[in-house]
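Working notes, beginning with the structure itself.
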Amino acid sequence: MNAHIKKVYVPMTETGFYILLCLREDSHGYGIVRKVEELTDGEILLSPGTMYGSLSKMEKDGLIRFVREEEKRKIYHITELGRQVLDLEMKRIERLYRNMKEVR
């Protein structure tokens with residue numbers, strides 16, 4: 001992972017985190033929006049502009065890839081680089097959670 005990717009994506013925004021988390025399984029933008037809404041009990045609602053802007057940037061940076069088109073919807077999947085970035089972020093969040101519990 002190059003320094004640019006690490007600088008841009010770690011720490012991640014909630015939007016970026018949830019997109020990569022959801023794309024461990026093939027999905028399209030609207031499917032991700034629905035899944036994030038479900039996972040967060042409606043607390044995070046991704047707008048189309050945010051979603052498609054993020055997908056475009058992540059594809060350009062090599063974190064996700066276009067897999068196929070179904071009924072005029074682009075289907076994406078996380079790449080190995082995307083998994084590495086997601087793993088880094090998950091470890092960071094786990095550390096934050098662990099530290100929060102220790103400080104009580």
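FYI, nothing fancy with the structure tokens labels: chains A, B, ... in order, residues from 1 per chain, ligands from 1 as they appear.
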
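All residues of protein, DNA or RNA that reach within 12 Å of region 91-96 of chain A, judged by only C-alpha atoms and not counting those fewer than 2 positions away in the chain, are Val10, Pro11, Met12, Thr13, Glu14, Phe17, Gln84, Val85, Leu86, Asp87, Leu88, Glu89, Arg98, Asn99, Met100, Lys101, Glu102 and Val103 of chain A.
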
Kindly provide the residues of region 36-81 of chain A that approach region 28-32 of chain A to within 12 Å, each paired with its closest atom pair and their distance in Å to one decimal, based on only C-alpha atoms, listed by chain and increasing number, as a tab-separated table.
```
residue	atom	partner	partner_atom	distance
A:Val36	CA	A:Ile32	CA	6.0
A:Glu37	CA	A:Ile32	CA	8.5
A:Glu38	CA	A:Ile32	CA	9.7
A:Leu39	CA	A:Ile32	CA	10.3
A:Ile44	CA	A:Ile32	CA	11.5
A:Leu45	CA	A:Ile32	CA	10.3
A:Leu46	CA	A:Ile32	CA	8.7
A:Ser47	CA	A:Tyr30	CA	9.7
A:Pro48	CA	A:Gly29	CA	8.0
A:Gly49	CA	A:Gly29	CA	10.5
A:Thr50	CA	A:Gly29	CA	10.3
A:Met51	CA	A:Gly29	CA	6.6
A:Tyr52	CA	A:Gly29	CA	6.9
A:Gly53	CA	A:Gly29	CA	10.4
A:Ser54	CA	A:Gly29	CA	9.9
A:Leu55	CA	A:Gly29	CA	7.8
A:Ser56	CA	A:Gly29	CA	10.6
A:Ile64	CA	A:His28	CA	11.6
A:Arg65	CA	A:His28	CA	11.2
A:Phe66	CA	A:His28	CA	9.5
A:Val67	CA	A:His28	CA	9.9
A:Arg68	CA	A:His28	CA	9.7
A:Glu69	CA	A:His28	CA	8.9
A:Glu70	CA	A:His28	CA	8.9
A:Glu71	CA	A:His28	CA	10.6
A:Lys72	CA	A:His28	CA	10.1
A:Arg73	CA	A:His28	CA	6.3
A:Lys74	CA	A:His28	CA	5.6
A:Ile75	CA	A:His28	CA	4.5
A:Tyr76	CA	A:His28	CA	6.1
A:His77	CA	A:His28	CA	8.9
A:Ile78	CA	A:His28	CA	11.8
```

*Give the helix (DSSP H, G or I) residues of chain A, as DSSP finds them on the backbone, and put them as JSON, numbers by chain.*
{"A": [3, 4, 5, 6, 7, 8, 9, 14, 15, 16, 17, 18, 19, 20, 21, 22, 29, 30, 31, 32, 33, 34, 35, 36, 37, 38, 39, 48, 49, 50, 51, 52, 53, 54, 55, 56, 57, 58, 59, 60, 80, 81, 82, 83, 84, 85, 86, 87, 88, 89, 90, 91, 92, 93, 94, 95, 96, 97, 98, 99, 100, 101, 102, 103]}

_For CA of Val8 (chain A) and CA of Gly42 (chain A), the interatomic separation in Å (one decimal)_ = 26.8 Å

*Would you work out the distance separating CA of Leu63 (chain A) from CA of Thr79 (chain A), expressed in Å to one decimal?*
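Here the two named atoms are 5.4 Å from each other.
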
*What does the distance between CA of Met90 (chain A) and CA of Thr15 (chain A) come to in Å, to one decimal place?*
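Computed distance, CA of Met90 (chain A) to CA of Thr15 (chain A), equals 13.9 Å.
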